[in-house]
Structure formats: structure tokens, C-alpha cells
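Worksheet: the structure to be examined is printed underneath.
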Amino acid sequence: MFDKISRREALYGLGASLGSVALSSLLSSEAKAASESPLAPKAPGRPGRAKNVIMLFMEGGPGQMDTFDPKPELTRLHKSESKLSAGQEKGFKFFVGSPFGFRKVGDTGIDMCNQWKYLADPFIANEFCNFRGCQAESLNHPEALFHMNTGSRLGGDPAVGAWATYGLGTENQNLPGYVVMTELALPQGGPTNWSNGFLPPHYQGTRLRPEGSPILDLVPPQYKSMAHQRRALNELSRMNANYQNSLGIEDQKLGARMDSYELAFRMQTEVPDVIDLSQETAATIDMYGLNDTETSTFGRQCLMARRLVESGVRFVQIFSGGWDSHDYLERGHSSRIKSVDKPMAALIRDLKLRGLLEDTLVIWTGEFGRTPDNNKRGGVYSLGRGHNNQAMTMMLAGGGVKPGIVGATDELGSSAVECVHPIRDLHVTLLHLLGLDDNKLTYFHAGRFKQLSQFGGEIIPEMLA
Amino acid sequence: MLQRSIKLASCLVLMAGLFSTTVVAEEHTAAEREFTLKVLPLLKQKCQGCHGGDASDIKGEFSVLDREHLLSGGESGEAAVIPGQPEEGTLLPALRWESWEMPPKENDRLTDEEIAVIERWIKAGAPWPDEATRQKISEAEWNVESNEDGRMVRTSGGTSEEWTNRRYEPNDLWAFEPVRKREELLPGDHKLAEAIDIFIEHSLKEADLEPAAAASPRALLRRATFDLHGLPPTPEEVDAFETAWKADPEQAWSDLIGRLLASPRYGERWGRHWLDVTRYADTGGMSNDYERSNMWRYRDYVIRSFNEDKPYNEFVVEQLAGDELADQSVRERTGGSMKEIHQTQLNGDYTREEAEMIVATGFLRLGPWDNAMIEADEARQIYLDDVVNITGQTFLAQTLRCCKCHDHKFDPIPTRDYYRMYSAFSTTHMAERPVPLLPEENTEEFEDGRAHVQRMLDFAKSERNKLIDKQEAAARVWFEERGLPYKDENARKDLPDEEKPPRHVGLDHVEQGQLKVREQDVWIWTRRLERYEPMAQSVYNAEAATLAWNGARKLRIDRKTQPKEKLVNYILTGGALTATGDEVLPGVLSVLGLPVNVSAPDPYLTTSSPDGRRLDLARWIANEDNALTTRSIVNRIWQFHFGTGLAANSNNFGAKGARPSHPELLDYLADDFVDHGWTFKRLHRQIMLSDAYRRGTVPVDAEKVAEADPNNRLLSYFPRRRLSAEELRDGILAITGELQHCDGGLPVKPEINMEVALQPRMIQFSLAPAYQPSPTPELRNRRTVYAYHVRGQSDPFMELFNQPNPNESCELRETAAVTPQVFTLLNSDMINDRAIALALRLQREEESITDQIDRAFRLVFGRHATAQEKSWMTSYVTDMQKYHEGISPKPVEYPTEITRSLVEEFSGEPFEYTEILPVFERYEADPKAADVSPETRALADFCLLLLNTNEFMYVE
């Protein structure tokens, strides 16, 4: 229907009145039939290194100097006055040395604090790229979370996972393409962090709930069996067909709605299957830390992430909170590290042994980093750190990233000084690894072609294998 | 329309070609002229960002700063431009995206016309005149108002001469042109409904499309009732309408419209449309998602205004400057001074009319906002930017956000005008103000509600006090052991570490976490007591105000802060607070040529005094000659009737918004609207009386329509539409007989998915309290517009059916079918409870299964079941009876308290605490599966089926 007029004319002439149609993709080189599912797998512009993404989001902001970026100078200055201006804390501030020792691990010699026990195994550590050059913009959690997740501080734009599924579709039509797992509590900003924004609703992240029904209302009430449900759907299908016939005309909207009932029925069996961990061996269950209360939550999610990716889910995101150590840094960070160390190592090992790591990009990051100093709380030298939008640390593995350290922070860890990049460049690089070009992966909305990076960004070549 | 514009475009190219041959005789060549006016600006805009603009970072070693660089090319060593040979050189293939794809952003890509310009220039030898020549060419050009390259538009001026003097494609300026008069558009005396059909049918004839036949009376009744009320017609209404129709169809239809418009249900439905645009919610979003406890008064004001058919121009002024109107009224009745006005603002001694005006300004308080961890001046900018934007989108159909950083790329709106509007709001400050309740405002729930909040507050306080007592007991011991006198927490705050007990002494990490939660809860519930106070979410004027670090928690009128210096506003280049450009005074958009004050030296400025700026702006917006305002509102009304506006982007009338399908009709409607007193009800009636509104949903020749008018912009048939989230919930409640009508008031809390209701969600320092539904069906089953809208916690049922996120203005709702909709519509408690309620109703009203089935069809579809349907459904119900006989569903229990677990934000360690849910101690639950017989459950299965059908879900 669009071959007679140019794409641009079609868009500017008709505007977003066609909002529910993914025009950009519809009109690209291989025009697709409008009836095709918006989630059907699509080949990227050029072959990508990664097919899937698992993003481990450490909500609260891990301290770079307490995880992967040692700062001996800070230890020397411990409790002495700080005149740094980073962060929001005002008044008297003092430096806080990391409570943890560090060592170099693996062939690339990346740094890990001594709380990382499992991740330090060279078999795992050799896979990691530690990126120290990223700078967030916001100092408060929800804005920074929105920025890292959606490219916009304001919230409301599509999440990275939504863009990825918009660009690539998803392999398994009986599962959601973009799956999100959180702890019991939602992160600040809630579902805005995995919103489809202005993209069609098919690209919204689907939350797999940690308790109760994995997807809200996935299964019928307990007094209705699946056979009962099947019968109801058969009756419904007959009623709908009858109605469609009475109209004497095909309406795609009505057809799509009828199809969605059948897809829902298939999901009702496939989702419980993919999250059923009883199919895993005892060794695997143990490896992910499911037998230990401290690691079982995150371990379960990591194992689920592997199963989801294996089943053809495009983008999996896990939120794990509690990293906001303004106080009691030693206790807080050691407990947080412990909760993710073993599961995360298991995830990398498992993906690697199954040959999935090559195609799967694993990212571990927070929404920002932490300051080298702190202010007093309740009049006491509280050993913790404030929010820092000038420096942070992240770990990447698989999916075409180059292992080793990329970028650097200054000697106190207060600001990135080498290979410095804003969040948008990280996003552009991430899409690039998936074979997607941020400048081409656009959606026409509110008068312009919108993209994840907002106004464009740069690939970070140092991170690419 | 599209074809027409393509023809026009090629015509322009042709004219440009002719033109270039005629001016060779002048002192500079046509190619030099074209270079200066078109090629060079393109190079600057589209290429210099990466190729020459920043000398230290030139991508691909390729610069476009001068001719030499273009000729020599970049790192590839190939020439970008070879004069006279457009087919050679690397530049054109790159611009055509045949080689390098430049510029790389989709958004910046050159149009075919722009590429043709560059091609012509290369062909003509790629001349690059010196700066003096270019200046001469430009200045000569700027004296010509209109030529083949488009029209200049006079504005307050951009940040560059090029922008100020640039030209626009006349077709892109449609929205800024004065509205044409009806006589000019369609001579003769026509009723508006007739005129609508004349325009619509004219376009259909041009496209050689035949209009669909009129819809059936039953379809029309359902269409009109959902359209004006958001509810289905009752079987009795169907009967009455069909009878009336037999007697006199025209009279029946006209009477129906009159009846629907006169009902209070109309305001509830159309008010909701307005709340979509203005972004209504009961909380402020962001980190804390604080409740805006009195926001409902604005919601009721909107509903009331629609029901009273308040003229739109008044509606506009009240929302933007109602507080200033109230101030003026106070001044008049007290003969008063500024002091008197300020005093009244603090004591809230207002008349009914004044109070309502202040409530209306809730419009200025609808954006998400919280200043937690944001610098005060940045938080202030976020607020003002939000207000400018929402004002532009809501009333002027302009997205002004682009102009926060630069002159508009496509529309004649300079950044100066954005900052003039910003300045018009710059004395506006947010506040919860004392404003007496109106006699028509519903305060029925105040007493019960207050008791509930007080109970929650008392619990939080007592839990907090227990922990503090424990801590202070330990502190006493600490002091005693050292022989020091006890000092309480506040008194010992500034002592050195050695002279006081450790922080949180006596509390383990679990108790520390609990203490923080309880302290937040005390704040949250204290604040919620304001629900029951005569207060309004509003604004006030001041030159300066102080914002606390947690300002969103409590926003009150601040008369203590004295301005340190005179309030001055500047253009902020790139939107950065530190990058101050020209000083600006408060004003309006200059592009319309519509003055605020004809006699002023700059007619587009408002008053500069702290008071009155918004009123000037509001009156300028509500001026009958403001073409953006009048087109925008009639376009919205049209859109909500037909699913698509005549201009399809009702929030964006700029060059990048969709052009109107029927520009003459749009103007005709706008002109008519103003001449008839700006009232909505008359416009609804006339639109609905048109044949266009009354057509069936099946096109005469579907294939031909798919080819000629695939999006049905010409309206050869009426667009079938899916029910909105509210229509779905309210409609189902109406069908089950559970719907409770009310006169507004405090937001009610429907029963939402219990997993979501009790789902912990993070706020700053703590978890938000659990969602407790209203205790009785009378409250829970009110219309959705009266439900509690929490930004951080949407009702999943509503969200799935595309109730918009209130952080962005929603011009039109999404209606795509996604799988989770199926889960909620088949399996949720909400829908199963409704199915049981409907089954019980059927059993109350009819004896036999066949009659029950028929009654259900009447209630859900507005028609009788056919013999075949009766037979199908009878056997289904009978089979289901057998299924349910052997099954006993589990009774549903509601928890009266809940244990919540949280990872302590500062220490990273998990802890638990208990929250009480007193609502469930006196909860009147809806009948559940366990409460009813197998027969009822079987009938409910059938009811559930009907509620899932396309026939119910779509309006024909």
C-alpha cells in the first residue's frame, strides 16, 4: 500500500495516525505483510554478535571502588576531610576507604574485591569486560534508572529491551519477547523501567513475578481446569466466527483478537514449563545457589534467565536491589555481593558450557556509581557513600564483547577519566552488538524519528571483540 | 490530499528550474544564489556537526567548511564533489544513502528535493561565493515575502538571521493561518450537520468512493450511548428507541442525542477525554509518588464543566488563570489591596465562584514532579518546562519541547517564544491552598475515610515510638555507664562521636529498617489527612519562593521569601540553566500575528508584573481569533466521535503532524463553534446528526477503499472501535447491575488484582503502603473516572486495556490486542466476580436457562439471542453444570495484615515488618465462586464468554 509514495511522504503526510503500525520496519527493504505478528523474528540490518541479552540490574548503584575498581589512595585518606563536589551531599564530608581488599584475577588481570569468590574463577573471570568509563547524568534513583533503562531521564520512552524486540522480534512466539524479573518489591519508577513507551504495546516487558502467578492471571482460577478453559475458548471462537460472518467482511483487528486467545492458551502451558526448575539437575540447582537462602532469589532468576534465553526469549532483565549503601557499606555491599556472586558465576559458566555465551550478551550494571566520600549521618561518621553520576562500573560478558578493562576512573574513583562515555553510547554499543544501528532503529512519533539514544551516540570500539 | 501535495511539490521544482534561467542576468548567478540560500544552510545543518564544526574532531577527515575540502574529499582520498559532474564524486551517493548513508540519522536524512538542490549546484560548477556576496544575496532574498521557495513568517525572531528569515512550505503553515469564515468556505445557509456532509461527500466523490449505508437503529443506539456516556444502552432503552425509530427515525435520533447530552453520565465520559490530555492522577509520581490529596476537585470541576456545557473559552481561562480571576474578584468585593488578596490566599475566605476558579487551576499541577535529589533551580525548570509544554499541547496543539533548546526546526516558533511563555509562568508556584468546599462537592466519605487514615497513622506512630523508646533506653544506659547526663537524639546530634552513643544504639539492623519504614509511614499518613481538609491543588504568584529539599511533600504559599534580585528570564541555550542568552519578557507565540495588547510596542508581550501574566496568556489563548485554539478543540471533539481527528495528531498541528484530511471542514467547524458561543453540546449534536456519523461500519467496496483510502480518513464508512479501558469496566458493571452512580468526591478504590494491590513498591527510603480497596461495593463499583489514580501503581486491568500513563499527554488511546489482555479477561478475579454477578442477576430476573441466555444477550449485546445461539449456549451451560457439580471452589480470604520484606536500602540486608490492612476487617466482598451454586457457576461461565466476545468488545 505504500509503494506508490515515498516513505517520507507517507510519514509526514499521514503522521502518527498510523501509530499502531511499526512503520519504520514495515517500510524497510523487505516490506512485510501488515498481518504478520509484530514479534516475528526479524534479521537485523547486519549480522550481530549477540542474539540475546541478559541484563543484571543492580538497583541502588554499586560502588565501583568496592567491587571492581580498587582505589588504594582512598584507603590512605580514610576518614580525612573531602572537598570533592561530586554528588548531592552537602556540608562536611570525609573520604571512605573500601572495606574490602582486592586482587587481580584471570588471564586479563581484571580487578575484583575479595568478596567475589565465584566470579574470580578464571573460567568465569576471563569472559568479563570491566567498563569504567560510563557516566550517568542523574543523581537520583528513578531518573537514573529511567536513563539507563530507556535512554531518557524523564521516563516514558521505550526500554532498551523494547527497542531490541522491536528491532529483532523474538524467536519463540509462545513466550514474551522481553521478560523482566524483580525482587518482591518493584524498583523505583516501577514498570516505567520496562515500558514500551511510544512503541506498540507488543514490545512492553512482561514481568515474571517471583511469587504467585508468574504472569498476572496466567492460569484460570483453581476451580477451573485447563480442559474447562479449552472448552470455553472453543465456544468463544464459535461465537466470534459467527459474529465475523454476520458482518460479511474481514476485519484484521477482530482476527488479531481471536488469534490472541489461542496464543494465550499456548502461553499458559509454555510459561509454566519454562519456569519449572524441577527439570534441572541437582548439580545445576546447587551451582546457581538455590539451596542457600542468601543466593536463592537471584540464583533462581539467573537460572530462569538461562532457560528463557534457551527457549528463544530475546531480552531478559533481572532487577536486584539493596546496593544503595549510604551507610554500613561493609555489611551492605558484602551481603549484596554474596547474593549475586555465585548465581552470576553459575550463569556465565552454564551459558559458556552450553555454547550460549557467544550469542548472549550479559551485562551487570547499576544506575550510577558511588562517591569516594560521605557526609555524617545523625552526627556520626557513617561509613557509606553517596550517589555519583561521574563514575561507575559495569561488567559485560559474551555476545561479542572484548574481555579486559576498558576505561579508567581517577585515583579516588570520583570521576571517569579514560574512555569516558555517556549512557547513550553504551546503548548504541549494545544495539550494535545485536546487529542494530541506533540511527536506523527508529520509530516515528510526535513529529520525529525517535531512537534509543535520543539524538544519536557513538559506539565504544574498545569494548568490541 | 497526499497526491495533491506531490503534484504541488513537482510543480515547485519545475518553477525553480524556470527561475534559475531567468536571473542569470543579475550580478550573481542563479547557482550562487541557490548555494547561499539552500546548499550552504544544508551543509551547515546536516553535515557540519561531524564534518568541520568541531575542528578537533572531524569525522573521516572530511570537512564541509569550504569548497577546497569538498573537492579534495576525506580520508578515502576520493573527491566528494567534482564541479559540473554530479554523477561523479562521493557526496551525492552518500546523501542518497547508496554508499555511506549520510547524515546517518534517520531524523536528519535529506529529502529527495534537498538532494536535487545539491545536484543542481554541482552541475552548475559548485560555485562558492564569498561572504560579502552571500550576505548581499541573503539580504535581497529577505525582502521578498513569498517566492517559489515558500513563504517567510514574521515572528519575534530566532537566534540567527537565517532562522528568522527562513521560508516555509505554505502547506505546512495551515494551522497558523487565520480560520476562514463559513461564508467563504461554503456559501449559503446550512445547518452545521448538513455542511459536514457536504464537505465529507465532496471528498468521497473526488476519490470516487461510495458512502456506506446507514447503520441499523440498534447499532446507532449502542454507538451513541457508548460515545456520549461510555456505557451500553439497557435492553429497555433498546426497546424504547426501536419503537420511537419506527414512528419517526429523525425525531428518535434527535431525541436520543438530547437525552444522552442531558445526563450527568455525559460529563463523566467526556471529562475523561480531557483528563487524558491533561494527564490526571491523584499522586505526583517520581521517587516518592506523594499523594495530591485534593486533586479530585479538579477532576470533578472538569466533569461539571462538561455537564454544564461551560463555554470552552471560559474553561481555558479558568484552568490557566482561575486563581488570578479569584484574586481580582477578591479585590473587587473587598475594595482591597494586595495585602487583602494575600491574606485571603492564606485564610481561604473565598466565595463559591472564587473557590471553583482556584480548583480549576489544578490543571497547572498535573505533571509528575518531585524535587528529591534535584537542585532547586533545576527542579523549578522541570516544573516550568512541564507547564509550558502541557499548555502548548493541550490548548494550542503545539509540542513546544523542541524550542526549549533551539528555534523550532520545522515550525515558525522561535526559542524566544518558548521562553516568553516560560516567563509568563515564571511567577507561578505550586501550592496546596485553603479553598472552601463547594456545595456540589461530595464529602460523604470524609468521616469514614478520616477514621481509616487516622487508624493507619496511629499504628505507624505507635510502632515508631516503640522502636524509639528501645533506642533511647539503650542510649540512657550508654550515658549512665559513662557517668554522663542523658541527652535525647536531637540534643546529642552535634556532639563528637566519642561523647554520644552510636547511631541507632540498641537497635539491630532489622529494627533500624523498621524504624525508617515507620517514620516514612507517619509522614505518609499524616499527609493523607489532608484529603479531608478544604484544600485545593493549585498555584499562586510570587517573584520568589523557597523550595525545601523534600518540597513535594508539602507545598504551601510562601510569602516569607523575598526576591534577592529582580526576576529576569533568559533564553537558555540548549535548555541549560547556565547558558543564558537574550533576556526575555513574558509573552505568547508570535507566529499567529495575534496580539495580546494591540497598542503595546511589542504586541506579543503580556504584563510584566508578577500577577496577571497567566491571565493575559490565557485570554490570548481563548481569543476567538486564536486559530490554534479553535481548530485544536473542534478537532479533538471530532476525533473522539470518529476515532481520528480531521488533523490526525491532535496534540501537534506543526509541519510534522498530520495535515488535515478536510481542511475546509476543520475551519468551518472552528468558525461555527466560536460563533455559537464555544459550546460543546451543540457541536456534538450537529456532528451526530450528520450522515457521516450515522453510517454503517461495512464499506461498500472494501477492496477499493483499502486501495484508495486505507486509513478511512475520508469516512466512507464509520470506523469500528474497541472499547476503552473505562468503557470496558464501567460497561461490564452496568451490565451486571453493580454500577453505582455518584456525584464525584474522594477517589474510590476498586478491587484491583490482589497480587498487585499488595505488591511492595519502592519509594524513597521505604515501601509505599499497600493498596486497600474501598470496603463496600457501593464505593468500589463506581465509574472508573472516580477511581484512585496512582502514578506508580496502575490498575493492571486498566493498564492492559491502554489506560494511558499519566506522565505524558495522551492525544489518542492505543487499542492493539496483546495477549495479557486475554489472561485478565478470562482469569482475573475482577472478571470472574463480574461473571458471577451477572449470573446472579440473570437468575434473579429469569427462570429458565433459555430466558436467562436471552436476557444476557440483551444486556451484553442489546439484542436477542438467535435460535442457534440459544441452542449452543444451552448445551454449554448444561455441560458446565455437570462440570461444576463435582467441584467446590476455595473460599476467598482477605488478609487483615501483611508481612512485608524489604532489603534495607542503606545496609543491603533484608528485614520484615507488618502492615495492617484494616479495610478487610469490615470488607463487604463481592459474591465469589465458593459462595454460589454450581448452577450459578455454570451460568457465570456463559456470562464470561459473552464478556470476551468481539461483539461486546467492539462498537459498530
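Please note that chains go A, B, ... in the order of the C-alpha cells, that every chain numbers its residues from 1, and that ligands are numbered from 1 in the order shown.
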
Can you tell me, as a short mmCIF file (atom, residue, chain, number, x, y, z; two decimals) with C-alpha atoms, in the first residue's frame, what residues are no more than 10 Å from Ile58 of chain B when counting only C-alpha atoms, ignoring any on the same chain fewer than 5 positions away?
data_model
loop_
_atom_site.label_atom_id
_atom_site.label_comp_id
_atom_site.auth_asym_id
_atom_site.auth_seq_id
_atom_site.Cartn_x
_atom_site.Cartn_y
_atom_site.Cartn_z
CA GLN B 48 28.94 20.35 9.95
CA GLY B 49 28.06 18.67 13.24
CA CYS B 50 30.59 15.95 12.40
CA HIS B 51 32.45 17.41 9.41
CA GLY B 52 34.06 20.67 10.30
CA GLY B 53 32.03 22.22 13.08
CA SER B 63 35.28 18.79 6.23
CA VAL B 64 32.48 20.70 4.52
CA GLY B 74 38.16 12.93 3.17
#

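In the backbone-derived DSSP annotation, alpha helix (DSSP H) within segment 373-441 of chain A comprises Ile423, Arg424, Asp425, Leu426, His427, Val428, Thr429, Leu430, Leu431, His432 and Leu433 of chain A.
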
| message | Please list as a PyMOL selection string every residue within 6 Å of segment 230-232 of chain B, counting only C-alpha atoms and excluding residues in the same chain fewer than 6 positions away. | response | chain B and resi 269+727+731

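Within segment 757-898 of chain B, the backbone-based DSSP assignment of strand (DSSP E or B) covers B:Arg761, B:Met762, B:Ile763, B:Ser766, B:Leu767, B:Arg782, B:Ala787, B:Val790, B:Gln793, B:Glu897, B:Ile898.
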
| said: Give me, as a list in words, all polymer residues having an atom no more than 7 Å from segment 370-374 of chain A, counting only C-alpha atoms and skipping those fewer than 5 positions away in the same chain. | reply: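 Everything that qualifies: Gly61, Pro62, Gly63, Gln64, Ser82, Ala86, Gly87, Lys93, Phe94, Phe95, Val96, Gly384, Arg385, Gly386, His387, Asn388, Met392, Leu412, Gly413 and Ser414 of chain A.
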
Could you please take those selected residues and save C-alpha atoms as an mmCIF file, in the first residue's frame?
data_model
loop_
_atom_site.group_PDB
_atom_site.id
_atom_site.type_symbol
_atom_site.label_atom_id
_atom_site.label_comp_id
_atom_site.auth_asym_id
_atom_site.auth_seq_id
_atom_site.Cartn_x
_atom_site.Cartn_y
_atom_site.Cartn_z
ATOM 1 C CA GLY A 61 24.150 1.840 42.461
ATOM 2 C CA PRO A 62 27.072 -0.449 43.407
ATOM 3 C CA GLY A 63 30.228 1.332 44.499
ATOM 4 C CA GLN A 64 32.887 0.962 41.820
ATOM 5 C CA SER A 82 36.982 15.606 51.480
ATOM 6 C CA ALA A 86 30.538 15.282 43.315
ATOM 7 C CA GLY A 87 27.197 14.011 44.488
ATOM 8 C CA LYS A 93 32.419 15.272 54.030
ATOM 9 C CA PHE A 94 35.092 12.705 54.623
ATOM 10 C CA PHE A 95 36.728 10.039 52.475
ATOM 11 C CA VAL A 96 35.720 6.448 52.902
ATOM 12 C CA GLY A 384 28.881 4.669 53.287
ATOM 13 C CA ARG A 385 28.800 6.520 50.003
ATOM 14 C CA GLY A 386 26.577 8.949 48.115
ATOM 15 C CA HIS A 387 25.310 8.785 44.546
ATOM 16 C CA ASN A 388 27.847 9.511 41.838
ATOM 17 C CA MET A 392 30.513 3.855 37.857
ATOM 18 C CA LEU A 412 39.814 8.361 44.046
ATOM 19 C CA GLY A 413 37.152 6.896 41.797
ATOM 20 C CA SER A 414 35.266 10.180 41.767
#

| Residues at most 10 Å from Trp274 of chain B, counting only C-alpha atoms, excluding those fewer than 6 positions away in the same chain, as a list in words? |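 Here the qualifying residues turn out to be Tyr280, Arg299, Val302, Ile303, Phe306, Thr394, Arg636, Ser809, Cys810 and Glu811 of chain B.
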
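Closest approach to Ile374 of chain B among B:Ala460, B:Ile198, B:Ala552, B:Leu95 is made by B:Ala552 (distances from only C-alpha atoms).
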
| remark: atom CA of Phe315 of chain A sits from atom CA of Pro38 of chain A at a separation of 15.6 Å
